[in-house]
Amino acid sequence: MSQFNIEEEIEDIAGGEFERTPVPQSKLKSWKSFLGMYAGEHAAGTEFVIGPLFLTTGVSAFDLIIGLLLGNLMAVLSWRFLTSEIAVKRRLTLYYQLEKICGTKLVVAYNLANGVLFCFLAGAMITVSATAVGIPFDMEMPKLTDTMPNGATWVIIVLIIGAVISLVASKGYDMVSKAANWMSPVIVLAFLVCGIVALQQLGVGSFSDFWNIWGEGSEPFPGQIKYTFWHVFFWSWFANAAMHIGMSDLSVFRFAKKASSGWTTAAGMYVGHYMAWIAAALLYAVYVQTPEAQALLGQGEAPTVAPGPLAYNAIGVFGIIAVILAGWTTANPTIYRAGLAFQAIMPKASTFWVTILAGSVATIAGLFPAFAMKLLDFVALYGFILAPIGAIIVFEHFFHKQAGILTDYAEKANLQFNKSVLFAWAISFGLFYFISVQFNVFLSFVTLPAWLLCGVLFILFSKAIQKKG
């Protein structure tokens with residue numbers, strides 16, 4: 001799921017330029033430059049949690065396997081025909097393009113939301129790494145329903161991991177991106193080996209045996225909701241909603257020679273969001289059959305979803321190392337990028353201190369297992385909040401002529417605050433979040449309607465405000 005270091009990595013390739021100018025022809029990259037990035041960056045710490053969490057929802061074999069297949073396809077199509085299509089025509093970062101449309105004050109608000117959400121995601125990855133580091137110390141693992149720290153050992157391990165990750169991130173991105181490139185193949189291999197070993201432990205000798213692991217599904221574990229095909233389909237489509245329909249990856253694909261480079265995201269979706277999720281789910285399926293897990297289920301409690309012990313049970317010390325690396329390679333660039341978002345709000349602060357600030361927030365979040373144990377819900381909320389901002393860019397790009405509105409209106413009218421953007425986002429977010437909460441509608445079901453409504457309202461408000469102006 002996590003490709004949060006791609007933007008900085010490709011900026012490094014290009015020399016860290018063009019933040020406020022279109023990328024020149026001489027700096028464009030072929031599709032091969034994107035293929036490895038997406039394949040590696042989507043097999044990360046989050047996958048060790050998301051796979052098992054699917055199993056806790058009682059999903060059936062068909063709903064999981066086909067739902068993931070088609071949901072990830074929709075994500076790839078979103079990257080290809082929306083994100084990369086606009087990126088190669090404008091060749092601007094998301095932030096500069098938003099500034100032109102929204103005005104500088106609204107971009108500050110976006111950066112704040114982005115930074116805080118990144119910190120929470122990084123916190124979940126610190127939690128993931130802590131479950132591996134805690135194994136030699138016989139640490140009690142957080143339960144699926146835990147929200148608070150469960151002991152002094154947990155607190156100490158999380159604080160140490162958070163401090164180390166924050167310090168490394170604060171030193172700058174060069175070392176972080178290089179280390180991540182070396183670690184990514186190891187992590188992908190670990191997922192593959194974990195899946196193979198788990199299949200052997202489950203006694204799988206044929207495809208029908210594999211299919212029967214999930215079978216027709218079951219009742220969800222305590223504290224979880226039942227997932228159907230549509231839950232899996234829409235959740236996997238919008239797991240990276242902020243990146244594709246939310247347009248964050250404009251900053252990545254502005255370096256692509258052709259829009260067809262958007263197809264390379266399939267490597268990330270089907271290595272990380274298909275193979276790795278299913279492999280991690282198989283690890284959990286092995287654990288669920290143990291007497292310990294069965295006893296918990298018998299008591300009406302959900303078995304622990306702790307990536308460290310799950311991987312250790314399958315491939316030993318290599319599993320511990322893989323989980324630590326996976327959490328590290330996700331949390332580190334995420335904290336770094338959260339620091340950059342905060343620095344946009346506090347431009348006089350040094351990169352070092354804003355990164356330390358972001359790391360501190362992430363470490364505090366990591367103390368609370370709920371961010372990792374409720375990762376399916378958090379990722380859905382993350383996409384739901386940020387995706388409608390992308391609709392502003394998409395609808396302006398494709399429909400400005402038909403609507404008769406000016407593009408980049410904030411820049412042309414010298415506005416710091418474009419009301420069209422704020423009203424469109426606030427109404428679409430507020431309406432569909434209310435529907436989700438009031439009528440208990442799965443949040444990923446309303447992400448697309450919120451996105452579409454935001455785009456339509458932006459066009460209507462822009463037409464009215466620009467005509468008045």
# chains A, B, ... in the order shown; residues from 1 in each chain; ligands from 1

call {"tool": "residues_around", "arguments": {"residues": "Ile187 (chain A)", "least_positions_apart": "4", "cutoff": "12 Å", "atoms": "only C-alpha atoms", "output": "ChimeraX atom specification"}}
result
/A:39-48,180-183,191-194,271-272,276,311,318-330

call {"tool": "write_last_selection", "arguments": {"atoms": "C-alpha atoms", "output": "CSV table (one decimal), in the first residue's frame"}}
result
chain,number,residue,atom,x,y,z
A,39,ALA,CA,6.6,-3.1,-7.1
A,40,GLY,CA,8.9,-2.5,-4.1
A,41,GLU,CA,7.0,0.3,-2.3
A,42,HIS,CA,3.7,-1.5,-2.2
A,43,ALA,CA,5.1,-4.6,-0.4
A,44,ALA,CA,5.7,-2.9,2.9
A,45,GLY,CA,4.8,-2.9,6.6
A,46,THR,CA,1.1,-2.2,6.0
A,47,GLU,CA,0.7,-5.5,4.1
A,48,PHE,CA,1.6,-7.6,7.1
A,180,ALA,CA,14.6,1.3,1.1
A,181,ASN,CA,15.7,0.3,-2.4
A,182,TRP,CA,18.0,-2.4,-1.0
A,183,MET,CA,15.4,-3.7,1.5
A,191,PHE,CA,6.2,-12.3,1.7
A,192,LEU,CA,6.6,-14.9,-1.1
A,193,VAL,CA,8.4,-17.4,1.2
A,194,CYS,CA,5.9,-16.8,4.1
A,271,VAL,CA,2.9,-7.8,-6.0
A,272,GLY,CA,2.0,-5.9,-2.9
A,276,ALA,CA,1.6,-9.9,-0.3
A,311,ALA,CA,6.2,-14.2,10.3
A,318,PHE,CA,14.2,-14.0,8.7
A,319,GLY,CA,10.6,-13.3,9.5
A,320,ILE,CA,11.5,-11.0,12.4
A,321,ILE,CA,14.0,-9.2,10.2
A,322,ALA,CA,11.5,-8.8,7.4
A,323,VAL,CA,8.8,-7.4,9.6
A,324,ILE,CA,11.2,-4.9,11.2
A,325,LEU,CA,12.5,-3.8,7.7
A,326,ALA,CA,9.0,-3.6,6.3
A,327,GLY,CA,7.8,-1.3,9.1
A,328,TRP,CA,11.0,0.7,8.9
A,329,THR,CA,10.9,1.3,5.2
A,330,THR,CA,7.3,2.5,5.4

call {"tool": "residues_around", "arguments": {"residues": "Thr56 (chain A)", "least_positions_apart": "6", "cutoff": "8 Å", "atoms": "only C-alpha atoms", "output": "number ranges by chain"}}
result
A: 220-221, 224, 302

call {"tool": "write_last_selection", "arguments": {"atoms": "C-alpha atoms", "output": "mmCIF file, in the first residue's frame"}}
result
data_model
loop_
_atom_site.group_PDB
_atom_site.id
_atom_site.type_symbol
_atom_site.label_atom_id
_atom_site.label_comp_id
_atom_site.auth_asym_id
_atom_site.auth_seq_id
_atom_site.Cartn_x
_atom_site.Cartn_y
_atom_site.Cartn_z
ATOM 1 C CA PRO A 220 -16.492 -11.933 11.459
ATOM 2 C CA PHE A 221 -14.275 -12.013 14.512
ATOM 3 C CA GLN A 224 -15.062 -6.676 13.130
ATOM 4 C CA ALA A 302 -10.403 -12.102 18.456
#

call {"tool": "closest_residue", "arguments": {"among": "A:Leu376, A:Val128, A:Ala370, A:Leu64", "to": "Trp214 (chain A)", "atoms": "only C-alpha atoms"}}
result
A:Leu64

call {"tool": "residues_around", "arguments": {"residues": "region 134-142 of chain A", "least_positions_apart": "3", "cutoff": "7 Å", "atoms": "only C-alpha atoms", "output": "list in words"}}
result
Ala130, Thr131, Asp146, Asn150, Thr153, Trp154, Thr304, Ala306, Pro309 and Pro369 of chain A

call {"tool": "residues_around", "arguments": {"residues": "Val204 (chain A)", "least_positions_apart": "6", "cutoff": "9 Å", "atoms": "only C-alpha atoms", "output": "list in words"}}
result
Ala198, Phe210 and Ile213 of chain A

call {"tool": "write_last_selection", "arguments": {"atoms": "all heavy atoms", "output": "PDB file, in the first residue's frame"}}
result
ATOM      1  N   ALA A 198       3.360 -21.035   4.678  1.00  0.00           N
ATOM      2  CA  ALA A 198       2.033 -21.103   5.281  1.00  0.00           C
ATOM      3  C   ALA A 198       1.152 -22.119   4.558  1.00  0.00           C
ATOM      4  O   ALA A 198       0.381 -22.851   5.197  1.00  0.00           O
ATOM      5  CB  ALA A 198       1.382 -19.722   5.260  1.00  0.00           C
ATOM      6  N   PHE A 210      -6.499 -24.627  -1.415  1.00  0.00           N
ATOM      7  CA  PHE A 210      -6.222 -23.208  -1.193  1.00  0.00           C
ATOM      8  C   PHE A 210      -7.528 -22.422  -1.110  1.00  0.00           C
ATOM      9  O   PHE A 210      -7.727 -21.590  -0.221  1.00  0.00           O
ATOM     10  CB  PHE A 210      -5.344 -22.677  -2.326  1.00  0.00           C
ATOM     11  CG  PHE A 210      -5.201 -21.179  -2.357  1.00  0.00           C
ATOM     12  CD1 PHE A 210      -4.425 -20.530  -1.412  1.00  0.00           C
ATOM     13  CD2 PHE A 210      -5.827 -20.422  -3.330  1.00  0.00           C
ATOM     14  CE1 PHE A 210      -4.283 -19.142  -1.436  1.00  0.00           C
ATOM     15  CE2 PHE A 210      -5.691 -19.049  -3.368  1.00  0.00           C
ATOM     16  CZ  PHE A 210      -4.919 -18.414  -2.412  1.00  0.00           C
ATOM     17  N   ILE A 213      -9.492 -22.564   2.180  1.00  0.00           N
ATOM     18  CA  ILE A 213      -9.005 -21.874   3.384  1.00  0.00           C
ATOM     19  C   ILE A 213     -10.026 -20.837   3.821  1.00  0.00           C
ATOM     20  O   ILE A 213     -10.312 -20.665   5.009  1.00  0.00           O
ATOM     21  CB  ILE A 213      -7.639 -21.199   3.110  1.00  0.00           C
ATOM     22  CG1 ILE A 213      -6.575 -22.266   2.880  1.00  0.00           C
ATOM     23  CG2 ILE A 213      -7.237 -20.290   4.275  1.00  0.00           C
ATOM     24  CD1 ILE A 213      -5.259 -21.703   2.393  1.00  0.00           C
TER      25      ILE A 213
END

call {"tool": "residues_around", "arguments": {"residues": "Ala122 (chain A)", "least_positions_apart": "2", "cutoff": "10 Å", "atoms": "only C-alpha atoms", "output": "ChimeraX atom specification"}}
result
/A:45-46,116-120,124-128,162,165,327-336,338,358-359,361-363,365-366,371-372

call {"tool": "write_last_selection", "arguments": {"atoms": "N, CA and C atoms", "output": "mmCIF file, in the first residue's frame"}}
result
data_model
loop_
_atom_site.group_PDB
_atom_site.id
_atom_site.type_symbol
_atom_site.label_atom_id
_atom_site.label_comp_id
_atom_site.auth_asym_id
_atom_site.auth_seq_id
_atom_site.Cartn_x
_atom_site.Cartn_y
_atom_site.Cartn_z
ATOM 1 N N GLY A 45 5.296 -2.565 5.246
ATOM 2 C CA GLY A 45 4.814 -2.938 6.569
ATOM 3 C C GLY A 45 3.307 -3.053 6.666
ATOM 4 N N THR A 46 2.590 -2.190 5.967
ATOM 5 C CA THR A 46 1.131 -2.228 6.032
ATOM 6 C C THR A 46 0.570 -3.565 5.568
ATOM 7 N N VAL A 116 -0.609 15.192 9.333
ATOM 8 C CA VAL A 116 -1.152 14.479 10.493
ATOM 9 C C VAL A 116 -1.510 13.042 10.124
ATOM 10 N N LEU A 117 -2.151 12.859 8.970
ATOM 11 C CA LEU A 117 -2.518 11.510 8.538
ATOM 12 C C LEU A 117 -1.289 10.654 8.264
ATOM 13 N N PHE A 118 -0.249 11.268 7.692
ATOM 14 C CA PHE A 118 1.009 10.539 7.494
ATOM 15 C C PHE A 118 1.593 10.089 8.827
ATOM 16 N N CYS A 119 1.519 10.938 9.833
ATOM 17 C CA CYS A 119 2.051 10.585 11.157
ATOM 18 C C CYS A 119 1.312 9.385 11.740
ATOM 19 N N PHE A 120 0.012 9.358 11.590
ATOM 20 C CA PHE A 120 -0.761 8.233 12.112
ATOM 21 C C PHE A 120 -0.401 6.942 11.381
ATOM 22 N N ALA A 124 1.353 3.466 12.899
ATOM 23 C CA ALA A 124 0.922 2.071 12.715
ATOM 24 C C ALA A 124 2.104 1.192 12.319
ATOM 25 N N MET A 125 3.025 1.736 11.529
ATOM 26 C CA MET A 125 4.185 0.948 11.106
ATOM 27 C C MET A 125 5.200 0.768 12.228
ATOM 28 N N ILE A 126 5.289 1.748 13.117
ATOM 29 C CA ILE A 126 6.126 1.575 14.311
ATOM 30 C C ILE A 126 5.551 0.448 15.165
ATOM 31 N N THR A 127 4.229 0.394 15.249
ATOM 32 C CA THR A 127 3.565 -0.710 15.949
ATOM 33 C C THR A 127 3.930 -2.048 15.321
ATOM 34 N N VAL A 128 3.915 -2.119 13.981
ATOM 35 C CA VAL A 128 4.258 -3.351 13.265
ATOM 36 C C VAL A 128 5.674 -3.801 13.616
ATOM 37 N N GLY A 162 10.657 4.389 17.595
ATOM 38 C CA GLY A 162 10.250 5.695 17.088
ATOM 39 C C GLY A 162 11.380 6.694 17.088
ATOM 40 N N ILE A 165 13.887 5.731 14.198
ATOM 41 C CA ILE A 165 13.322 6.045 12.886
ATOM 42 C C ILE A 165 13.269 7.555 12.660
ATOM 43 N N GLY A 327 8.305 -2.484 8.337
ATOM 44 C CA GLY A 327 7.802 -1.346 9.106
ATOM 45 C C GLY A 327 8.704 -0.137 8.983
ATOM 46 N N TRP A 328 9.994 -0.390 9.001
ATOM 47 C CA TRP A 328 10.985 0.693 8.933
ATOM 48 C C TRP A 328 10.912 1.417 7.586
ATOM 49 N N THR A 329 10.873 0.637 6.487
ATOM 50 C CA THR A 329 10.893 1.258 5.155
ATOM 51 C C THR A 329 9.600 1.998 4.847
ATOM 52 N N THR A 330 8.543 1.724 5.598
ATOM 53 C CA THR A 330 7.306 2.490 5.434
ATOM 54 C C THR A 330 7.295 3.707 6.345
ATOM 55 N N ALA A 331 7.648 3.496 7.606
ATOM 56 C CA ALA A 331 7.563 4.581 8.587
ATOM 57 C C ALA A 331 8.562 5.690 8.297
ATOM 58 N N ASN A 332 9.773 5.322 7.882
ATOM 59 C CA ASN A 332 10.820 6.326 7.710
ATOM 60 C C ASN A 332 10.476 7.376 6.661
ATOM 61 N N PRO A 333 10.187 6.983 5.425
ATOM 62 C CA PRO A 333 9.831 8.005 4.429
ATOM 63 C C PRO A 333 8.514 8.697 4.733
ATOM 64 N N THR A 334 7.614 7.994 5.438
ATOM 65 C CA THR A 334 6.340 8.610 5.777
ATOM 66 C C THR A 334 6.545 9.743 6.772
ATOM 67 N N ILE A 335 7.402 9.519 7.767
ATOM 68 C CA ILE A 335 7.742 10.574 8.725
ATOM 69 C C ILE A 335 8.453 11.720 8.018
ATOM 70 N N TYR A 336 9.362 11.383 7.118
ATOM 71 C CA TYR A 336 10.089 12.411 6.366
ATOM 72 C C TYR A 336 9.112 13.291 5.587
ATOM 73 N N ALA A 338 5.870 13.649 6.128
ATOM 74 C CA ALA A 338 5.039 14.411 7.061
ATOM 75 C C ALA A 338 5.782 15.661 7.514
ATOM 76 N N ALA A 358 7.361 15.489 13.510
ATOM 77 C CA ALA A 358 6.528 14.471 12.870
ATOM 78 C C ALA A 358 6.808 13.095 13.475
ATOM 79 N N GLY A 359 8.078 12.798 13.712
ATOM 80 C CA GLY A 359 8.437 11.510 14.299
ATOM 81 C C GLY A 359 7.898 11.349 15.706
ATOM 82 N N VAL A 361 5.124 12.756 16.897
ATOM 83 C CA VAL A 361 3.682 12.509 16.771
ATOM 84 C C VAL A 361 3.436 11.050 16.357
ATOM 85 N N ALA A 362 4.242 10.577 15.396
ATOM 86 C CA ALA A 362 4.101 9.196 14.926
ATOM 87 C C ALA A 362 4.399 8.194 16.040
ATOM 88 N N THR A 363 5.425 8.467 16.836
ATOM 89 C CA THR A 363 5.793 7.564 17.935
ATOM 90 C C THR A 363 4.690 7.497 18.979
ATOM 91 N N ALA A 365 1.563 8.016 18.388
ATOM 92 C CA ALA A 365 0.487 7.238 17.758
ATOM 93 C C ALA A 365 0.810 5.746 17.805
ATOM 94 N N GLY A 366 2.097 5.397 17.636
ATOM 95 C CA GLY A 366 2.503 3.997 17.654
ATOM 96 C C GLY A 366 2.288 3.315 18.991
ATOM 97 N N PHE A 371 -4.279 2.105 15.895
ATOM 98 C CA PHE A 371 -3.983 2.596 14.543
ATOM 99 C C PHE A 371 -3.598 1.449 13.612
ATOM 100 N N ALA A 372 -2.890 0.442 14.146
ATOM 101 C CA ALA A 372 -2.531 -0.726 13.338
ATOM 102 C C ALA A 372 -3.664 -1.743 13.288
#

call {"tool": "select_by_dssp", "arguments": {"residues": "region 213-450 of chain A", "states": "alpha helix (DSSP H)", "output": "ChimeraX atom specification"}}
result
/A:229-238,250-253,265-270,277-288,291-298,307-315,317-345,351-366,370-373,375-403,409-412,419-438,447-450

call {"tool": "residues_around", "arguments": {"residues": "Ala163 (chain A)", "least_positions_apart": "2", "cutoff": "10 Å", "atoms": "only C-alpha atoms", "output": "list in words"}}
result
Ile157, Val158, Leu159, Ile160, Ile161, Ile165, Ser166, Leu167, Val168, Ala169, Ile356, Gly359, Ser360, Ala362 and Thr363 of chain A

call {"tool": "atom_distance", "arguments": {"atom1": "CA of Ile65 (chain A)", "atom2": "CA of Ala132 (chain A)"}}
result
27.8 Å

call {"tool": "closest_residue", "arguments": {"among": "A:Ala285, A:Glu292, A:Ser236, A:Gly115", "to": "Leu357 (chain A)", "atoms": "only C-alpha atoms"}}
result
A:Gly115

call {"tool": "residues_around", "arguments": {"residues": "region 247-255 of chain A", "least_positions_apart": "3", "cutoff": "7 Å", "atoms": "only C-alpha atoms", "output": "number ranges by chain"}}
result
A: 6-7, 10, 23, 27-29, 83-84, 87-88, 91-94, 242-244, 390

call {"tool": "write_last_selection", "arguments": {"atoms": "all heavy atoms", "output": "tab-separated table (two decimals), in the first residue's frame"}}
result
chain	number	residue	atom	x	y	z
A	6	ILE	N	8.23	7.31	-3.03
A	6	ILE	CA	8.47	7.36	-4.46
A	6	ILE	C	8.74	8.80	-4.91
A	6	ILE	O	9.65	9.06	-5.69
A	6	ILE	CB	7.27	6.80	-5.24
A	6	ILE	CG1	7.11	5.32	-4.91
A	6	ILE	CG2	7.46	6.97	-6.73
A	6	ILE	CD1	5.92	4.69	-5.58
A	7	GLU	N	7.93	9.73	-4.40
A	7	GLU	CA	8.07	11.12	-4.85
A	7	GLU	C	9.47	11.64	-4.58
A	7	GLU	O	10.11	12.22	-5.45
A	7	GLU	CB	7.04	12.00	-4.14
A	7	GLU	CG	7.14	13.44	-4.55
A	7	GLU	CD	6.16	14.30	-3.77
A	7	GLU	OE1	5.14	13.78	-3.32
A	7	GLU	OE2	6.45	15.49	-3.62
A	10	ILE	N	12.20	9.85	-6.84
A	10	ILE	CA	12.27	10.30	-8.22
A	10	ILE	C	12.74	11.75	-8.29
A	10	ILE	O	13.40	12.17	-9.24
A	10	ILE	CB	10.93	10.09	-8.94
A	10	ILE	CG1	11.16	9.95	-10.45
A	10	ILE	CG2	9.94	11.18	-8.64
A	10	ILE	CD1	10.02	9.31	-11.17
A	23	VAL	N	8.41	20.02	-15.49
A	23	VAL	CA	9.60	19.20	-15.71
A	23	VAL	C	10.01	19.32	-17.17
A	23	VAL	O	9.18	19.10	-18.07
A	23	VAL	CB	9.34	17.73	-15.35
A	23	VAL	CG1	10.56	16.87	-15.66
A	23	VAL	CG2	8.96	17.60	-13.87
A	27	LYS	N	14.60	15.76	-18.63
A	27	LYS	CA	14.58	15.05	-17.35
A	27	LYS	C	13.52	13.95	-17.28
A	27	LYS	O	13.34	13.34	-16.22
A	27	LYS	CB	14.33	16.05	-16.21
A	27	LYS	CG	15.46	17.06	-16.02
A	27	LYS	CD	16.73	16.39	-15.54
A	27	LYS	CE	17.82	17.42	-15.23
A	27	LYS	NZ	19.06	16.78	-14.73
A	28	LEU	N	12.85	13.69	-18.37
A	28	LEU	CA	11.78	12.70	-18.35
A	28	LEU	C	12.34	11.28	-18.27
A	28	LEU	O	13.43	11.00	-18.76
A	28	LEU	CB	10.90	12.85	-19.59
A	28	LEU	CG	10.22	14.21	-19.77
A	28	LEU	CD1	9.28	14.18	-20.95
A	28	LEU	CD2	9.49	14.63	-18.50
A	29	LYS	N	11.57	10.39	-17.65
A	29	LYS	CA	12.01	9.02	-17.41
A	29	LYS	C	11.10	8.03	-18.14
A	29	LYS	O	9.91	8.25	-18.31
A	29	LYS	CB	11.96	8.72	-15.90
A	29	LYS	CG	12.76	9.70	-15.05
A	29	LYS	CD	14.24	9.63	-15.37
A	29	LYS	CE	15.01	10.74	-14.65
A	29	LYS	NZ	16.43	10.75	-15.04
A	83	THR	N	-4.49	10.07	-13.13
A	83	THR	CA	-3.28	10.67	-12.55
A	83	THR	C	-2.19	10.90	-13.60
A	83	THR	O	-1.73	12.03	-13.79
A	83	THR	CB	-2.71	9.77	-11.43
A	83	THR	OG1	-3.78	9.30	-10.63
A	83	THR	CG2	-1.72	10.55	-10.58
A	84	SER	N	-1.77	9.83	-14.28
A	84	SER	CA	-0.65	9.99	-15.22
A	84	SER	C	-1.06	10.81	-16.43
A	84	SER	O	-0.24	11.52	-17.02
A	84	SER	CB	-0.11	8.61	-15.65
A	84	SER	OG	-1.09	7.86	-16.33
A	87	ALA	N	-0.78	14.33	-15.30
A	87	ALA	CA	0.61	14.62	-14.92
A	87	ALA	C	1.48	14.94	-16.13
A	87	ALA	O	2.28	15.87	-16.09
A	87	ALA	CB	1.20	13.44	-14.14
A	88	VAL	N	1.34	14.17	-17.19
A	88	VAL	CA	2.22	14.38	-18.35
A	88	VAL	C	1.81	15.61	-19.15
A	88	VAL	O	2.60	16.11	-19.96
A	88	VAL	CB	2.26	13.14	-19.27
A	88	VAL	CG1	2.81	11.93	-18.53
A	88	VAL	CG2	0.90	12.82	-19.87
A	91	ARG	N	2.79	18.47	-15.86
A	91	ARG	CA	4.14	18.24	-15.34
A	91	ARG	C	4.46	19.11	-14.12
A	91	ARG	O	5.54	19.67	-13.98
A	91	ARG	CB	5.20	18.44	-16.42
A	91	ARG	CG	4.99	17.49	-17.61
A	91	ARG	CD	6.24	17.21	-18.38
A	91	ARG	NE	6.00	16.28	-19.47
A	91	ARG	CZ	5.92	14.96	-19.36
A	91	ARG	NH1	6.08	14.41	-18.17
A	91	ARG	NH2	5.70	14.19	-20.40
A	92	LEU	N	3.45	19.23	-13.22
A	92	LEU	CA	3.61	20.00	-11.99
A	92	LEU	C	3.39	19.09	-10.79
A	92	LEU	O	2.71	18.07	-10.88
A	92	LEU	CB	2.58	21.14	-11.95
A	92	LEU	CG	2.62	22.17	-13.07
A	92	LEU	CD1	1.43	23.12	-12.93
A	92	LEU	CD2	3.92	22.94	-13.06
A	93	THR	N	3.96	19.46	-9.65
A	93	THR	CA	3.68	18.73	-8.43
A	93	THR	C	2.23	18.95	-8.02
A	93	THR	O	1.60	19.94	-8.42
A	93	THR	CB	4.57	19.20	-7.26
A	93	THR	OG1	4.21	20.55	-6.92
A	93	THR	CG2	6.04	19.13	-7.60
A	94	LEU	N	1.71	18.04	-7.23
A	94	LEU	CA	0.36	18.21	-6.70
A	94	LEU	C	0.24	19.55	-5.97
A	94	LEU	O	-0.74	20.28	-6.14
A	94	LEU	CB	0.04	17.06	-5.73
A	94	LEU	CG	-1.20	17.28	-4.86
A	94	LEU	CD1	-2.47	17.20	-5.69
A	94	LEU	CD2	-1.24	16.28	-3.71
A	242	ALA	N	-5.88	8.53	-2.09
A	242	ALA	CA	-5.20	9.83	-2.04
A	242	ALA	C	-4.13	9.93	-3.12
A	242	ALA	O	-3.83	11.03	-3.60
A	242	ALA	CB	-4.57	10.04	-0.66
A	243	MET	N	-3.57	8.79	-3.53
A	243	MET	CA	-2.49	8.81	-4.50
A	243	MET	C	-2.99	8.87	-5.95
A	243	MET	O	-2.39	9.54	-6.78
A	243	MET	CB	-1.62	7.56	-4.33
A	243	MET	CG	-1.08	7.37	-2.93
A	243	MET	SD	-0.07	8.78	-2.41
A	243	MET	CE	-0.22	8.61	-0.63
A	244	HIS	N	-4.08	8.14	-6.25
A	244	HIS	CA	-4.53	8.15	-7.65
A	244	HIS	C	-5.69	9.13	-7.87
A	244	HIS	O	-5.46	10.22	-8.41
A	244	HIS	CB	-4.83	6.74	-8.18
A	244	HIS	CG	-5.65	5.85	-7.33
A	244	HIS	ND1	-7.00	6.01	-7.13
A	244	HIS	CD2	-5.31	4.73	-6.63
A	244	HIS	CE1	-7.46	5.04	-6.37
A	244	HIS	NE2	-6.46	4.26	-6.03
A	390	GLY	N	-8.53	15.66	-5.11
A	390	GLY	CA	-8.13	15.29	-6.46
A	390	GLY	C	-9.21	15.54	-7.48
A	390	GLY	O	-8.92	15.84	-8.65

call {"tool": "closest_residue", "arguments": {"among": "A:Leu202, A:Val76, A:Ala344, A:Leu297", "to": "Tyr284 (chain A)", "atoms": "only C-alpha atoms"}}
result
A:Leu202

call {"tool": "decode", "arguments": {"residues": "region 456-467 of chain A", "atoms": "N, CA, C and O atoms", "output": "short mmCIF file (atom, residue, chain, number, x, y, z; two decimals), in the first residue's frame"}}
result
data_model
loop_
_atom_site.label_atom_id
_atom_site.label_comp_id
_atom_site.auth_asym_id
_atom_site.auth_seq_id
_atom_site.Cartn_x
_atom_site.Cartn_y
_atom_site.Cartn_z
N VAL A 456 -18.24 17.99 -9.20
CA VAL A 456 -19.39 18.68 -9.80
C VAL A 456 -19.64 20.01 -9.09
O VAL A 456 -19.85 21.05 -9.74
N LEU A 457 -19.60 19.98 -7.76
CA LEU A 457 -19.83 21.22 -7.00
C LEU A 457 -18.75 22.26 -7.29
O LEU A 457 -19.04 23.46 -7.39
N PHE A 458 -17.51 21.80 -7.44
CA PHE A 458 -16.43 22.73 -7.75
C PHE A 458 -16.70 23.45 -9.07
O PHE A 458 -16.51 24.67 -9.18
N ILE A 459 -17.13 22.71 -10.08
CA ILE A 459 -17.44 23.32 -11.38
C ILE A 459 -18.58 24.33 -11.24
O ILE A 459 -18.50 25.46 -11.75
N LEU A 460 -19.64 23.95 -10.52
CA LEU A 460 -20.79 24.84 -10.36
C LEU A 460 -20.43 26.10 -9.58
O LEU A 460 -20.77 27.22 -9.97
N PHE A 461 -19.72 25.91 -8.45
CA PHE A 461 -19.32 27.07 -7.64
C PHE A 461 -18.34 27.96 -8.39
O PHE A 461 -18.41 29.19 -8.31
N SER A 462 -17.42 27.35 -9.12
CA SER A 462 -16.44 28.13 -9.89
C SER A 462 -17.13 28.97 -10.94
O SER A 462 -16.79 30.15 -11.15
N LYS A 463 -18.11 28.38 -11.62
CA LYS A 463 -18.83 29.10 -12.67
C LYS A 463 -19.55 30.33 -12.07
O LYS A 463 -19.50 31.42 -12.63
N ALA A 464 -20.17 30.11 -10.90
CA ALA A 464 -20.92 31.21 -10.26
C ALA A 464 -19.97 32.29 -9.74
O ALA A 464 -20.21 33.48 -9.96
N ILE A 465 -18.91 31.88 -9.06
CA ILE A 465 -17.98 32.85 -8.46
C ILE A 465 -17.19 33.59 -9.52
O ILE A 465 -16.99 34.82 -9.43
N GLN A 466 -16.75 32.87 -10.55
CA GLN A 466 -15.96 33.53 -11.60
C GLN A 466 -16.84 34.51 -12.41
O GLN A 466 -16.37 35.57 -12.82
N LYS A 467 -18.09 34.12 -12.62
CA LYS A 467 -19.00 35.01 -13.35
C LYS A 467 -19.24 36.29 -12.55
O LYS A 467 -19.22 37.40 -13.09
#
